[in-house]
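Read through the structure below, which is laid out as structure tokens, and then see the notes.
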Amino acid sequence: MSVYIQNFVKFKPFLKELVSRDVKVKYRRSILGVLWTLLNPLLMMTVLSIVFSNLFKFDIENFPLYLLCGQVIFNFFNDATTNAMSAIIGSASLIKKVYVPKYVFVMSRVCSSLINLMASCAALFLIMIGMRAELHWTMLLSVVPLFLLVVLALGIGLILATIAVKYRDVLHLYSVLMAVLMYLTPVIYPMSILPEWLYHLVMINPLTSILIMFRNVVIYGRLPGLVMLLVTAAEAVLCLGVGCWVFYKHQDGFIFDL
Amino acid sequence: MEKKVIVKVEDVSIKFSLASEKFDGFKEYFIQRVKKKITYQDFWALQDVSFEVYKGETLGLIGVNGSGKSTMLKIIAGVMKPTCGSVKTSGVIAPLIELGAGFDFDLTAKENVFLNGTLLGYTREYLEEHYEEIVEFSELDQFMDVPVKNFSSGMFSRLAFAVATIGQPDILIVDEVLSVGDFHFQQKCEARINRMKENGATILFVSHNMEQVRNLCSRIVWLEHGRVRSIGDADELCREYQEAE
């Protein structure tokens, strides 16, 4: 075990450089540069909140915020897992030539998405102030669902990256799966409109409970229920465990399929 | 004096499966599977290779193309795992297998120094400390803020070599990289490798240039079709190898 930790410590600087490269390269040659990381979600959210405060009215208290929270969570998951999926394939030239622990590439993709997630959260906060929404102290607890979200995304990302090396089809299939998942997560609709059978299906999705907890602490100032928290945490950890196991089992074979 | 073994290669074999029909996805896989068309052909790139490298020596690997030299180096560097057998190494390994593998073309030379340096396992502080040395060695003083996509291939390999050879590794793996750059730079590279050697580094060297092999190496492992043909004194084996060709 200590060998693995030592190895991680050795390659931590490389992980940092990879993440900072991702952020830098994305906004290179733009005048505002890295500021776009914050500006992008902020503008997006402004548009959405204007549209949804005036055009569509649902029966939900503070619908624009309801939607934005859903988007923050779902977009991160989508972004992180999609990027993680191509992490190994995209680093093929490196993996074939230099020894690097391969999970570093998957982690770096998730970390880059995490930076975007933090920017989105900051933008969400600014929007809430702009809308004069009530700010609750429980907001500080949002790190808990966010942490579980990252653990979950990393686990799924590791599994996807492993599969994608062998079967490139998942790269194309995944965007369709994501569209399905998006409707199985209460991003734009309230849970109350679901018929019985669908309700259970949506509740199985771990993103749902993460999203419910996130909304509770951010918008409604409610503490997450202990049972839901524990079940979600167990799901996330299990997912990461399976991800690590699958990845570890197959990583030595990657080089033959790249 | 007891010679310390720093790399121990024991009965290493590695198998590549060459699928007769290359498939990249589910659909093709299933179709071929149903048609029973997938037959795997095993190709053993290395078979029962064993040798030892002692601390401080320079060992050359020679053999014709496809004899498994590069595969052997990749296994020692940890890039590949052997199908059976084991490789034990001790100390820090600096691989000069392919220069600039970790470069990002959109980043500037300076940013690439840090990206590539951390890839090789150095810390950021260490790289900052040696930054001047890297710039000086690569002679790219005025180009450090230029994206490397605008570099010529010579500039590129100079920078890559400079980053890869900072510090004092215990084991240096050199695979055909000394043929980069102009004559003047090649000499600098050789001088640098010689300096590392004097400081006690162990060097594993692959080259088709017999002149270089004879100059640098003390012992040689001769590979043929993935097997060890012979191990022995550099001068003797070089002569035999050239006669055999």
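In the structure tokens, each chain is lettered A, B, ... as it comes, each chain's residues begin at 1, and ligands are numbered from 1 in order of appearance.
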
**OP:** Please report as a ChimeraX atom specification which residues of chain B come no farther than 7 Å from chain A, using only C-alpha atoms.
**Re:** /B:24-26,77-81,97-98,101-102,106,115,118-119,121,123-124

Original post:
Among region 51-185 of chain A, which ones does DSSP place in helix (DSSP H, G or I), written as a ChimeraX atom specification?
Top reply: /A:51-54,63-85,87-90,92-95,103-130,137-166,169-183

**OP:** Would you mind telling me which residue in A:Arg222, A:Lys249, A:Arg215, A:His136 lies nearest to Val187 (chain A) when using only C-alpha atoms?
**Re:**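 Ranking A:Arg222, A:Lys249, A:Arg215, A:His136 by distance to Val187 (chain A), first place goes to A:Arg215.
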
Original post:
Skipping near chain neighbours, those fewer than 2 positions away, what residues fall within 6 Å of region 39-42 of chain A using only C-alpha atoms, listed as JSON, numbers by chain?
Top reply: {"A": [36, 37, 44, 45, 120, 123]}

Subject >> Computed interatomic separation between CA of Val34 (chain A) and CA of Cys69 (chain A) (Å) >> reply: 23.0 Å

Original post:
Using only C-alpha atoms, which residues sit within 6 Å of region 3-10 of chain B once same-chain residues fewer than 4 positions away are excluded, as number ranges by chain?
Top reply: B: 50-55, 85-90

Write to file, as a short mmCIF file (atom, residue, chain, number, x, y, z; two decimals), in the first residue's frame, the residues of the selection just made, with C-alpha atoms.
```cif
data_model
loop_
_atom_site.label_atom_id
_atom_site.label_comp_id
_atom_site.auth_asym_id
_atom_site.auth_seq_id
_atom_site.Cartn_x
_atom_site.Cartn_y
_atom_site.Cartn_z
CA SER B 50 17.89 -12.99 -18.41
CA PHE B 51 20.76 -10.70 -17.65
CA GLU B 52 22.08 -8.51 -14.90
CA VAL B 53 23.32 -4.97 -14.95
CA TYR B 54 25.86 -3.93 -12.37
CA LYS B 55 25.97 -0.56 -10.73
CA GLY B 85 9.42 -13.41 -15.63
CA SER B 86 10.41 -10.39 -13.62
CA VAL B 87 12.53 -7.29 -13.70
CA LYS B 88 13.91 -5.81 -10.52
CA THR B 89 15.43 -2.36 -10.52
CA SER B 90 16.66 -0.14 -7.73
#
```

Subject >> Neighbour list for region 227-230 of chain B as a list of chain:residue names, cut-off 8 Å, only C-alpha atoms, skip fewer than 4 positions in-chain >> reply: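 Using only C-alpha atoms, the neighbours found are B:Leu46, B:Gln47, B:Asp48, B:Val49, B:Ser50, B:Ser67, B:Val221, B:Trp222, B:Leu223.
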
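For region 68-70 of chain B, the set of protein, DNA and RNA residues having any atom at most 9 Å away, when counting only C-alpha atoms and skipping those fewer than 4 positions along the same chain, is Ala45, Leu46, Leu61, Ile62, Gly63, Val64, Lys74, Ile75, Ile97, Asp175, Val206, Trp222, Leu223, Glu224, His225, Gly226 and Arg227 of chain B.
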
Original post:
Which residue, A:Thr138, A:Thr46, A:Asn78, A:Ser2, has the smallest gap to Ala179 (chain A) when you use only C-alpha atoms?
Top reply: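 Using only C-alpha atoms, Ala179 (chain A) sits closest to A:Asn78.
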